[in-house]
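For reference, run34.txt is printed below; it contains compact mmCIF, C-alpha atoms and all ligand atoms.
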# COMPACT_ATOMS: atom_id res chain seq x y z
CA MET A 1 24.63 5.30 8.22
CA ALA A 2 26.14 2.20 9.84
CA ASN A 3 27.95 1.09 6.67
CA ALA A 4 30.11 4.17 6.19
CA SER A 5 33.61 3.46 4.94
CA PRO A 6 36.52 4.86 6.99
CA THR A 7 37.28 7.46 4.32
CA ASP A 8 33.68 8.76 4.22
CA ILE A 9 33.26 12.36 5.34
CA TYR A 10 30.16 13.67 7.10
CA ILE A 11 29.60 17.45 7.13
CA ALA A 12 26.50 19.07 8.66
CA LEU A 13 25.02 22.32 7.35
CA MET A 14 23.32 24.59 9.85
CA GLY A 15 21.88 28.10 9.91
CA VAL A 16 18.66 30.08 9.72
CA THR A 17 16.00 29.04 7.19
CA GLY A 18 16.69 30.63 3.78
CA VAL A 19 20.47 31.11 4.12
CA GLY A 20 21.11 28.67 1.26
CA LYS A 21 21.91 25.32 2.93
CA SER A 22 19.91 23.28 0.41
CA ALA A 23 21.21 25.39 -2.49
CA PHE A 24 24.79 24.73 -1.32
CA ILE A 25 24.13 20.99 -1.26
CA SER A 26 22.54 21.07 -4.72
CA ARG A 27 25.79 22.52 -6.09
CA CYS A 28 27.61 19.32 -5.10
CA THR A 29 25.21 16.46 -5.61
CA SER A 30 23.03 15.24 -8.44
CA GLN A 31 20.38 14.13 -5.93
CA THR A 32 17.24 16.26 -5.89
CA VAL A 33 17.41 18.83 -3.11
CA VAL A 34 14.29 20.83 -2.38
CA ILE A 35 15.23 24.51 -2.29
CA GLY A 36 12.93 26.90 -0.46
CA ASP A 37 11.61 30.33 -1.27
CA GLY A 38 13.69 31.72 1.55
CA LEU A 39 10.79 32.18 3.94
CA GLN A 40 9.75 28.69 4.83
CA SER A 41 11.89 25.69 5.39
CA CYS A 42 11.62 22.71 3.08
CA THR A 43 13.68 20.63 5.44
CA SER A 44 11.74 19.58 8.49
CA ARG A 45 13.86 16.49 9.00
CA VAL A 46 17.58 15.99 8.92
CA GLN A 47 18.47 14.63 5.48
CA THR A 48 21.74 13.32 4.13
CA TYR A 49 22.90 13.83 0.54
CA SER A 50 25.95 11.96 -0.69
CA PHE A 51 28.31 12.45 -3.60
CA ALA A 52 31.65 11.10 -4.79
CA TYR A 53 34.19 13.81 -4.03
CA SER A 54 36.95 11.64 -5.53
CA PRO A 55 37.25 7.93 -6.44
CA SER A 56 38.13 7.10 -2.85
CA VAL A 57 36.16 9.72 -0.90
CA THR A 58 32.41 9.93 -0.49
CA VAL A 59 31.12 13.10 1.14
CA HIS A 60 27.80 13.07 2.99
CA LEU A 61 26.22 16.49 3.45
CA VAL A 62 23.74 16.60 6.30
CA ASP A 63 20.96 19.15 5.76
CA THR A 64 19.33 20.34 8.98
CA PRO A 65 16.20 22.40 9.70
CA GLY A 66 16.82 25.91 11.10
CA PHE A 67 15.59 27.13 14.48
CA ASP A 68 13.03 29.76 13.47
CA ASP A 69 11.09 27.66 11.05
CA THR A 70 7.61 29.04 10.57
CA ASN A 71 6.16 25.55 10.44
CA ARG A 72 8.03 23.81 13.22
CA LYS A 73 8.49 24.51 16.88
CA ASP A 74 12.06 25.03 18.06
CA SER A 75 11.63 22.12 20.48
CA ASP A 76 10.84 19.82 17.53
CA VAL A 77 13.83 21.12 15.56
CA LEU A 78 16.14 20.46 18.51
CA ARG A 79 14.63 16.99 18.98
CA GLU A 80 15.19 16.23 15.30
CA ILE A 81 18.78 17.48 15.12
CA SER A 82 19.89 15.96 18.41
CA GLY A 83 18.07 12.72 17.56
CA TRP A 84 20.10 12.44 14.35
CA LEU A 85 23.36 13.42 16.02
CA SER A 86 22.98 10.97 18.90
CA GLU A 87 21.88 8.15 16.64
CA SER A 88 24.84 8.64 14.29
CA TYR A 89 27.15 8.80 17.32
CA THR A 90 25.73 5.48 18.55
CA HIS A 91 26.56 4.01 15.12
CA LYS A 92 30.09 5.44 15.41
CA VAL A 93 29.48 7.86 12.55
CA LEU A 94 31.14 11.16 13.44
CA LEU A 95 31.03 14.51 11.74
CA SER A 96 34.22 15.93 10.24
CA GLY A 97 32.86 19.43 10.43
CA ILE A 98 29.97 21.85 10.38
CA LEU A 99 29.22 24.57 7.86
CA TYR A 100 27.31 27.39 9.53
CA LEU A 101 25.76 29.49 6.78
CA HIS A 102 24.94 33.18 7.01
CA ARG A 103 23.58 35.62 4.39
CA ILE A 104 26.07 38.43 3.90
CA SER A 105 23.17 40.46 2.48
CA ASP A 106 21.45 40.60 5.92
CA MET A 107 21.70 44.15 7.25
CA ARG A 108 22.01 43.00 10.83
CA MET A 109 22.06 39.83 12.85
CA GLN A 110 18.39 39.04 13.52
CA GLY A 111 17.06 37.42 16.69
CA SER A 112 16.78 34.09 14.87
CA GLY A 113 20.41 34.43 13.72
CA LYS A 114 21.56 34.95 17.31
CA MET A 115 19.46 32.02 18.48
CA ASN A 116 20.86 29.69 15.79
CA LEU A 117 24.40 30.79 16.57
CA GLY A 118 23.86 30.31 20.32
CA LEU A 119 22.54 26.83 19.69
CA LEU A 120 25.49 26.06 17.42
CA HIS A 121 27.87 26.89 20.31
CA LYS A 122 25.95 24.68 22.69
CA LEU A 123 25.46 21.77 20.30
CA CYS A 124 29.19 21.78 19.47
CA GLY A 125 30.92 22.82 22.68
CA ASN A 126 34.10 24.88 22.54
CA GLY A 127 36.29 21.94 21.49
CA ALA A 128 34.41 21.28 18.24
CA LEU A 129 34.30 24.93 17.13
CA LYS A 130 37.66 24.48 15.40
CA LYS A 131 35.81 22.32 12.85
CA VAL A 132 33.13 24.93 12.19
CA ILE A 133 33.35 26.96 8.99
CA LEU A 134 31.33 30.17 9.00
CA VAL A 135 30.16 30.31 5.41
CA THR A 136 28.79 33.54 3.96
CA THR A 137 26.26 33.29 1.10
CA MET A 138 24.41 35.66 -1.27
CA TRP A 139 27.43 37.67 -2.31
CA ASP A 140 25.69 38.36 -5.61
CA ARG A 141 23.02 40.28 -3.69
CA GLU A 142 25.38 42.64 -1.94
CA ASP A 143 27.87 45.34 -2.85
CA PRO A 144 31.24 43.60 -2.25
CA ALA A 145 32.60 46.52 -0.19
CA VAL A 146 29.55 46.45 2.10
CA GLY A 147 29.80 42.65 2.38
CA GLU A 148 33.48 42.83 3.33
CA GLN A 149 32.72 45.45 5.98
CA ARG A 150 29.98 43.24 7.45
CA GLU A 151 32.28 40.25 7.42
CA ARG A 152 34.86 42.22 9.46
CA GLU A 153 32.19 43.29 11.96
CA LEU A 154 30.91 39.74 12.38
CA ALA A 155 34.46 38.51 13.05
CA ALA A 156 35.26 41.34 15.46
CA THR A 157 32.11 41.00 17.59
CA PRO A 158 32.48 38.29 20.26
CA GLU A 159 28.74 37.58 20.52
CA PHE A 160 28.57 37.15 16.75
CA TRP A 161 31.49 35.21 15.24
CA GLY A 162 34.32 36.47 17.41
CA PHE A 163 33.78 33.75 20.02
CA CYS A 164 33.78 30.94 17.45
CA MET A 165 36.90 32.34 15.80
CA GLN A 166 38.73 32.49 19.11
CA HIS A 167 38.07 28.76 19.29
CA GLY A 168 39.39 28.08 15.80
CA SER A 169 36.41 28.57 13.47
CA GLN A 170 37.25 29.94 10.03
CA ILE A 171 35.30 32.19 7.66
CA ARG A 172 34.81 31.30 3.98
CA ARG A 173 32.78 32.88 1.18
CA HIS A 174 30.47 30.77 -0.95
CA TYR A 175 29.74 32.16 -4.41
CA ASN A 176 26.81 29.86 -5.14
CA ASN A 177 28.66 27.64 -7.61
CA GLU A 178 30.08 24.14 -7.56
CA GLN A 179 33.74 25.13 -7.44
CA SER A 180 33.16 27.41 -4.49
CA ALA A 181 31.24 24.69 -2.61
CA LEU A 182 33.95 22.10 -3.33
CA ASN A 183 36.70 24.47 -2.17
CA ILE A 184 34.95 24.73 1.20
CA ILE A 185 34.42 20.97 1.45
CA SER A 186 38.08 20.35 0.57
CA LEU A 187 38.98 21.84 3.98
CA PHE A 188 37.80 18.55 5.51
CA VAL A 189 39.35 16.14 2.99
CA PRO A 190 42.70 14.61 4.02
CA GLN A 191 45.66 15.12 1.68
CA ALA A 192 46.41 11.39 1.39
CA ALA A 193 43.73 9.60 -0.64
CA SER A 194 43.34 6.63 1.69
CA ALA A 195 43.63 8.54 5.00
CA ALA A 196 40.65 8.64 7.35
CA PRO A 197 39.32 12.18 7.90
CA GLU A 198 39.58 13.94 11.25
CA THR A 199 36.34 13.77 13.18
CA ILE A 200 34.74 15.55 16.12
CA THR A 201 32.43 14.62 18.96
CA LEU A 202 29.89 17.29 19.78
CA ASP A 203 28.82 18.23 23.31
CA ILE A 204 25.22 17.25 22.58
CA GLN A 205 26.36 13.73 21.59
CA ARG A 206 28.32 13.30 24.82
CA GLU A 207 25.57 14.79 26.97
CA LEU A 208 22.76 12.65 25.57
CA THR A 209 24.56 9.39 24.92
CA ASP A 210 27.47 9.17 27.39
CA GLU A 211 26.05 11.23 30.25
CA HIS A 212 22.42 10.09 29.76
CA LYS A 213 20.99 13.59 30.15
CA THR A 214 17.50 14.41 28.99
CA LEU A 215 17.38 17.02 26.23
CA ASP A 216 16.24 19.79 28.61
CA GLN A 217 19.36 19.19 30.73
CA THR A 218 21.79 19.72 27.82
CA GLY A 219 23.43 23.05 27.02
CA ALA A 220 21.35 23.43 23.85
CA GLY A 221 18.13 22.52 25.70
CA GLN A 222 18.92 25.10 28.35
CA ILE A 223 19.45 27.86 25.77
CA LEU A 224 15.96 27.25 24.41
CA ALA A 225 14.52 26.96 27.92
CA SER A 226 15.98 30.31 28.96
CA ALA A 227 14.67 31.99 25.78
CA TRP A 228 11.19 30.60 26.53
CA ALA A 229 11.45 31.60 30.18
CA SER A 230 12.16 35.23 29.31
CA GLU A 231 9.36 35.23 26.75
CA ARG A 232 7.01 33.83 29.40
CA ALA A 233 8.12 36.40 31.97
CA ALA A 234 7.50 39.25 29.51
CA LEU A 235 4.06 37.86 28.72
CA GLN A 236 3.20 37.46 32.43
CA GLN A 237 4.14 41.09 32.95
CA GLU A 238 1.90 42.18 30.05
CA LEU A 239 -0.86 39.95 31.33
CA GLN A 240 -0.73 41.75 34.65
CA GLU A 241 -1.16 45.07 32.83
CA VAL A 242 -4.09 43.71 30.82
CA ARG A 243 -5.78 42.51 34.05
CA GLU A 244 -5.46 45.97 35.56
CA ALA A 245 -6.84 47.59 32.40
CA MET A 246 -9.77 45.14 32.54
CA ARG A 247 -10.51 46.11 36.11
CA SER A 248 -10.70 49.81 35.26
CA ALA A 249 -12.76 49.07 32.12
CA SER A 250 -15.33 47.22 34.19
CA GLU A 251 -15.38 50.01 36.82
CA GLU A 252 -16.09 52.46 34.02
CA ARG A 253 -18.70 50.04 32.62
CA ASP A 254 -16.89 50.00 29.25
CA ALA A 255 -18.15 46.64 28.02
CA THR A 256 -16.48 46.81 24.59
CA MET A 257 -13.08 47.50 26.06
CA ALA A 258 -13.54 44.79 28.70
CA GLN A 259 -14.44 42.29 25.96
CA LEU A 260 -11.36 43.23 23.89
CA LEU A 261 -9.09 42.95 26.88
CA GLN A 262 -10.54 39.61 27.81
CA GLU A 263 -9.82 38.27 24.31
CA GLN A 264 -6.27 39.59 24.55
CA GLN A 265 -5.88 37.90 27.90
CA GLN A 266 -7.06 34.58 26.47
CA GLU A 267 -4.61 34.83 23.58
CA MET A 268 -1.72 35.59 25.95
CA ASN A 269 -2.63 32.67 28.16
CA ARG A 270 -2.64 30.42 25.10
CA VAL A 271 0.88 31.55 24.13
CA ILE A 272 2.13 31.02 27.70
CA ASP A 273 0.66 27.54 27.61
CA ASP A 274 2.37 26.78 24.27
CA LEU A 275 5.71 27.84 25.73
CA ARG A 276 5.17 25.53 28.69
CA GLN A 277 4.44 22.67 26.30
CA GLU A 278 7.59 23.41 24.30
CA GLN A 279 9.56 23.03 27.52
CA GLU A 280 7.77 19.74 28.26
CA ARG A 281 8.74 18.40 24.85
CA LEU A 282 12.43 18.61 25.75
CA ARG A 283 12.03 16.23 28.67
CA VAL A 284 13.15 13.25 26.58
CA THR A 285 15.94 10.72 26.83
CA VAL A 286 18.11 9.59 23.96
CA GLU A 287 16.22 6.28 23.85
CA GLN A 288 12.92 8.09 23.41
CA LEU A 289 14.43 10.26 20.66
CA HIS A 290 15.69 7.19 18.81
CA ALA A 291 12.38 5.36 19.17
CA GLU A 292 10.61 8.42 17.81
CA ARG A 293 12.97 8.62 14.84
CA LEU A 294 12.55 4.94 14.12
CA LYS A 295 8.78 5.27 14.21
CA SER A 296 8.69 8.23 11.85
CA THR A 297 11.19 6.56 9.49
CA GLU A 298 8.99 3.46 9.43
CA GLU A 299 5.95 5.61 8.68
CA MET A 300 7.83 7.31 5.87
CA LEU A 301 8.94 3.95 4.44
CA PHE A 302 5.38 2.68 4.61
CA GLN A 303 4.12 5.74 2.73
CA GLN A 304 6.92 5.41 0.19
CA ARG A 305 6.10 1.74 -0.31
CA SER A 306 2.43 2.43 -1.02
CA ILE A 307 3.38 5.23 -3.43
CA ASN A 308 5.75 2.83 -5.23
CA GLN A 309 3.05 0.18 -5.33
CA SER A 310 0.46 2.43 -6.90
CA LEU A 311 3.05 3.76 -9.33
CA SER A 312 3.95 0.26 -10.50
CA GLN A 313 0.24 -0.58 -10.88
CA ASP A 314 -0.13 2.53 -13.02
CA LEU A 315 2.87 1.55 -15.08
CA GLU A 316 1.52 -1.96 -15.59
CA ARG A 317 -1.80 -0.46 -16.75
CA MET A 318 0.14 1.79 -19.13
CA ARG A 319 1.98 -1.21 -20.49
CA LEU A 320 -1.34 -2.96 -21.25
CA VAL A 321 -2.72 0.18 -22.85
CA GLU A 322 0.38 0.52 -25.00
CA SER A 323 0.25 -3.09 -26.19
CA ASP A 324 -3.47 -2.70 -27.02
CA ARG A 325 -2.65 0.38 -29.02
CA GLN A 326 0.11 -1.36 -30.92
CA ALA A 327 -2.21 -4.29 -31.70
CA GLU A 328 -4.92 -1.90 -32.90
CA ILE A 329 -2.45 -0.08 -35.12
CA GLU A 330 -1.15 -3.34 -36.50
CA ARG A 331 -4.68 -4.53 -37.23
CA ALA A 332 -5.55 -1.24 -38.95
CA ARG A 333 -2.41 -1.41 -41.01
CA ASN A 334 -3.34 -4.81 -42.40
CA GLU A 335 -6.99 -3.99 -42.96
CA GLN A 336 -8.19 -2.63 -46.33
CA PRO A 337 -10.79 0.15 -46.19
CA THR A 338 -14.27 -1.06 -47.02
CA ALA A 339 -15.90 0.32 -50.14
CA GLU A 340 -18.27 2.30 -47.88
CA GLU A 341 -15.45 3.85 -45.88
CA GLN A 342 -13.55 4.75 -49.00
CA ALA A 343 -16.66 6.42 -50.42
CA ASP A 344 -17.27 8.23 -47.13
CA TRP A 345 -13.74 9.61 -47.04
CA ASP A 346 -13.80 10.51 -50.72
CA SER A 347 -16.97 12.53 -50.30
CA ASN A 348 -16.02 14.29 -47.07
CA PHE A 349 -12.55 15.56 -47.77
CA PRO A 350 -11.34 18.27 -50.11
CA TRP A 351 -8.65 16.06 -51.47
CA ARG A 352 -11.39 13.69 -52.65
CA GLY A 353 -10.50 11.24 -55.29
CA GLN A 354 -7.04 10.53 -53.98
CA THR A 355 -6.34 7.11 -52.55
CA PHE A 356 -6.06 6.86 -48.80
CA GLU A 357 -4.06 3.86 -47.78
CA ALA A 358 -3.04 2.47 -44.44
CA PRO A 359 -2.05 5.81 -42.81
CA THR A 360 -5.64 7.01 -43.03
CA ARG A 361 -6.86 3.88 -41.39
CA LEU A 362 -4.12 4.35 -38.88
CA SER A 363 -5.32 7.81 -37.92
CA ARG A 364 -8.83 6.54 -37.39
CA ALA A 365 -7.51 3.72 -35.28
CA ALA A 366 -5.64 6.25 -33.14
CA ALA A 367 -8.77 8.38 -32.79
CA ARG A 368 -10.86 5.37 -31.82
CA PHE A 369 -8.25 4.36 -29.31
CA GLN A 370 -8.22 7.79 -27.69
CA GLU A 371 -11.97 7.70 -27.24
CA SER A 372 -11.94 4.19 -25.82
CA GLU A 373 -12.04 3.40 -22.12
CA ARG A 374 -8.42 2.31 -22.13
CA GLY A 375 -7.42 5.44 -23.96
CA ARG A 376 -8.93 7.53 -21.19
CA MET A 377 -7.18 5.37 -18.66
CA ALA A 378 -3.94 6.07 -20.43
CA VAL A 379 -4.39 9.75 -19.82
CA ASN A 380 -5.32 9.23 -16.16
CA ALA A 381 -2.57 6.78 -15.44
CA GLY A 382 -0.21 9.11 -17.22
CA VAL A 383 -0.60 11.66 -14.44
CA ALA A 384 1.35 9.28 -12.22
CA ALA A 385 3.78 8.32 -14.94
CA GLY A 386 4.27 11.62 -16.75
CA LYS A 387 6.98 10.51 -19.09
CA VAL A 388 5.04 7.54 -20.37
CA LYS A 389 2.04 9.78 -20.97
CA ALA A 390 4.12 12.21 -22.98
CA ARG A 391 5.35 9.37 -25.12
CA VAL A 392 1.92 7.89 -25.79
CA THR A 393 0.14 11.15 -26.54
CA GLY A 394 3.13 12.36 -28.51
CA GLU A 395 2.89 9.33 -30.76
CA SER A 396 -0.83 9.65 -31.25
CA VAL A 397 -0.36 13.28 -32.24
CA ASN A 398 2.18 12.12 -34.78
CA LEU A 399 -0.29 9.63 -36.12
CA HIS A 400 -2.84 12.39 -36.60
CA SER A 401 -0.45 14.66 -38.37
CA GLY A 402 0.55 11.82 -40.64
CA THR A 403 -2.97 11.23 -41.92
CA ARG A 404 -2.94 13.38 -45.00
CA VAL A 405 -0.98 10.97 -47.03
CA GLY A 406 -1.54 11.54 -50.69
CA SER A 407 -2.33 15.26 -50.27
CA ASN A 408 0.16 18.15 -50.55
N1 LIG A 501 20.90 35.18 -5.15
C1 LIG A 501 21.21 34.10 -4.43
N2 LIG A 501 20.23 33.28 -4.02
C2 LIG A 501 20.56 32.20 -3.28
C3 LIG A 501 21.90 31.91 -2.91
N3 LIG A 501 21.89 30.78 -2.16
C4 LIG A 501 20.59 30.41 -2.06
N4 LIG A 501 19.80 31.24 -2.72
C5 LIG A 501 18.31 31.21 -2.81
O1 LIG A 501 17.78 31.47 -1.52
C6 LIG A 501 16.60 30.74 -1.29
C7 LIG A 501 16.73 29.88 -0.03
O2 LIG A 501 17.73 28.91 -0.22
P1 LIG A 501 17.68 27.46 0.44
O3 LIG A 501 18.86 26.72 -0.08
O4 LIG A 501 16.36 26.80 0.27
O5 LIG A 501 17.87 27.84 1.98
P2 LIG A 501 17.83 26.88 3.26
O6 LIG A 501 16.53 27.15 3.93
O7 LIG A 501 18.97 27.32 4.09
O8 LIG A 501 17.99 25.48 2.77
C8 LIG A 501 16.38 29.91 -2.56
O9 LIG A 501 15.48 30.60 -3.38
C9 LIG A 501 17.77 29.85 -3.18
O10 LIG A 501 17.70 29.66 -4.58
C10 LIG A 501 22.94 32.81 -3.36
O11 LIG A 501 24.14 32.66 -3.08
N5 LIG A 501 22.53 33.87 -4.12
MG MG A 502 16.67 23.86 3.04
Same coordinates, now as C-alpha cells:
Amino acid sequence: MANASPTDIYIALMGVTGVGKSAFISRCTSQTVVIGDGLQSCTSRVQTYSFAYSPSVTVHLVDTPGFDDTNRKDSDVLREISGWLSESYTHKVLLSGILYLHRISDMRMQGSGKMNLGLLHKLCGNGALKKVILVTTMWDREDPAVGEQRERELAATPEFWGFCMQHGSQIRRHYNNEQSALNIISLFVPQAASAAPETITLDIQRELTDEHKTLDQTGAGQILASAWASERAALQQELQEVREAMRSASEERDATMAQLLQEQQQEMNRVIDDLRQEQERLRVTVEQLHAERLKSTEEMLFQQRSINQSLSQDLERMRLVESDRQAEIERARNEQPTAEEQADWDSNFPWRGQTFEAPTRLSRAAARFQESERGRMAVNAGVAAGKVKARVTGESVNLHSGTRVGSN
C-alpha cells in the first residue's frame, strides 16, 4: 500500500452482499476472486486486487464486505472498512473513486440496501459523492424496459440515489463483461498517460485520523448506532407486552403459556444484549483499529507461512517419490525377465507364446511401485499438490495401457 506509484488508481467497491462486487473485479483482473452464491459474503475483509490498466497505469480495486452480511456483525464490517480506509489514508494512499453497486433486478430497495446507501453517504461525506459511480448490475436478469424504469425511479427519489446525484454522483450500467467494467473504470483514469489521478478524502478518514474521533462518534458510527437504538426500543416495547402477557398467564395458572412467554422473553433479552455489545464494539480509536488489523494480518501471514511450509514438504516428498519411480523403471528396463517369470506370463495370458520384453517388466514395476509405501504416499501427498498427482498417476496409467506389447 505504501509503495504506490503516483499514477496508481485506487477504486473501492461497495454495496449489499450479492450485488456482484467480486464478479465485477474478476472481469478486470487475472487474480482469483472468490465469487459468492449471492446470499453469503465471501469477503469478510477488505481485499485489494490489482491489474495493469495500461503500461503506465495500475488500477487497484478494493473489495469491501457489505453491511448485512449473514456471517458478520455490522459493527465488525464498519471496523474493517474504516480500519482499511484510515490506514491507507495514513500511508497517503487515497481513493480516486467509489463504485456503489446495485442489482437492477431488485424489485424494491430493501432495508439492507437503504442501510448500505446511508453508510455510503456518511463514510464519504457530501464532498466525495462526486466521485461515486452508482453502478447497476444484473441487466441480463431483468426486462430492459423494467430496468430503465427502476433506474429512473432510483435517480428521482432523494432518499435513494437522488441525494447522491445532487452531489455529483453518476449512474452507469455494468453488463457483466470486461469491456463494460473497463468503461466504468476509465472514468477515473486521467487523459494524459503520466498524469496523477484525482483523489478524494472521505469524511471517515478525516474524522478518525485528523479529528481523532472514536468510531462511534463518526457519522457512519452514528447511523449504525441509531439503527440499533430503534431496534432496541422496538424490542423493549415488545418485551413489555410479553411481561404483561406472562402476568395474566400466571394469574390464569396457564403454565405452558407462561413457559413459552418466558423463553420468548429470554430470547429478546439476548438480542437486546447483542445490540448493546455491537454499540460497545464501535468505541475504538484509529490506533486500536490499526493494531487490530496488524494483528489479524500477522495471524493470516503466519497461517499462510505454515500452509506454504507443509506444501513444500509435500512437494519435496513427491520429488523423492518421482525419482524412486524413475529409478525403478530404469532398473526394470535393463533387467531381463527370469525364465520363471517368462513361463509364468506365458501360461497366464491369452497371448501366450509371444515375447514380452521390457514394457511388460515396466508395467509390473509400475504396479509394484503403486502398492509400495512410497506409492501410497504419492497419492496422499498428491492431495496437497494436485497437479503433480495428476501427472504421476497419469503416467502410471499410461504404463499400464502400454503393457500389451506384442499383442494386437
Ligand atoms: N446473472 C448475473 N449474475 C451475476 C452478475 N453479477 C454477479 N452475478 C452473480 O451473482 C452472485 C453474487 O456475486 P458476487 O460478485 O459474489 O457478489 P458480491 O457479494 O457483491 O461480491 C454470483 O453468483 C455472481 O456470479 C450479473 O451481472 N448477472
Ligand atoms: Mg464478494
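Relative to CA of Tyr49 in chain A, CA of Pro6 in chain A is found at 17.5 Å.
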Point (12.6, 14.8, 27.6), cut-off 9 Å, counting only C-alpha atoms, residues as a PyMOL selection string: chain A and resi 213-217+279-286+288-289
Write the selection just made, keeping C-alpha atoms, as a PDB file, in the coordinates of the input?
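Output file out31.pdb follows:
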ATOM      1  CA  LYS A 213      20.990  13.590  30.150  1.00  0.00           C
ATOM      2  CA  THR A 214      17.500  14.410  28.990  1.00  0.00           C
ATOM      3  CA  LEU A 215      17.380  17.020  26.230  1.00  0.00           C
ATOM      4  CA  ASP A 216      16.240  19.790  28.610  1.00  0.00           C
ATOM      5  CA  GLN A 217      19.360  19.190  30.730  1.00  0.00           C
ATOM      6  CA  GLN A 279       9.560  23.030  27.520  1.00  0.00           C
ATOM      7  CA  GLU A 280       7.770  19.740  28.260  1.00  0.00           C
ATOM      8  CA  ARG A 281       8.740  18.400  24.850  1.00  0.00           C
ATOM      9  CA  LEU A 282      12.430  18.610  25.750  1.00  0.00           C
ATOM     10  CA  ARG A 283      12.030  16.230  28.670  1.00  0.00           C
ATOM     11  CA  VAL A 284      13.150  13.250  26.580  1.00  0.00           C
ATOM     12  CA  THR A 285      15.940  10.720  26.830  1.00  0.00           C
ATOM     13  CA  VAL A 286      18.110   9.590  23.960  1.00  0.00           C
ATOM     14  CA  GLN A 288      12.920   8.090  23.410  1.00  0.00           C
ATOM     15  CA  LEU A 289      14.430  10.260  20.660  1.00  0.00           C
TER      16      LEU A 289
END
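The interatomic distance for the pair CA of Leu95 in chain A and CA of Ser186 in chain A works out to 14.4 Å.
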Can you write out as JSON lines which residues of range 67-175 of chain A fall within 6 Å of range 11-22 of chain A, alongside each residue's closest atom pair and its distance in Å to one decimal, counting only C-alpha atoms and ordering rows by chain and ascending residue number?
{"residue": "A:Leu95", "atom": "CA", "partner": "A:Ile11", "partner_atom": "CA", "distance": 5.7}
{"residue": "A:Ser96", "atom": "CA", "partner": "A:Ile11", "partner_atom": "CA", "distance": 5.8}
{"residue": "A:Gly97", "atom": "CA", "partner": "A:Ile11", "partner_atom": "CA", "distance": 5.0}
{"residue": "A:Ile98", "atom": "CA", "partner": "A:Ala12", "partner_atom": "CA", "distance": 4.8}
{"residue": "A:Leu99", "atom": "CA", "partner": "A:Leu13", "partner_atom": "CA", "distance": 4.8}
{"residue": "A:Tyr100", "atom": "CA", "partner": "A:Met14", "partner_atom": "CA", "distance": 4.9}
{"residue": "A:Leu101", "atom": "CA", "partner": "A:Gly15", "partner_atom": "CA", "distance": 5.2}
{"residue": "A:His102", "atom": "CA", "partner": "A:Val19", "partner_atom": "CA", "distance": 5.7}
{"residue": "A:Arg103", "atom": "CA", "partner": "A:Val19", "partner_atom": "CA", "distance": 5.5}
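Checking A:Asp344, A:Ile25, A:His290, A:Ile185 one by one against Pro197 in chain A, counting only C-alpha atoms, you find the shortest gap at A:Ile185.
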Atom pair CA of Arg206 in chain A / CA of Tyr89 in chain A: separation (Å): 8.8 Å
Polymer residues at most 12 Å from Gln31 in chain A, all atoms listed in the file, same-chain spacing of 6 or more positions, as a list in words: Ser22, Ala23, Ile25, Gln47, Thr48, Tyr49, Ser50, Phe51, Ala52, His60 and Leu61 of chain A
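Considering only C-alpha atoms and all ligand atoms, the residue among A:Ser169, A:Gln313, A:Ser88, A:Ser44 positioned nearest to ligand LIG 501 (chain A) is A:Ser44.
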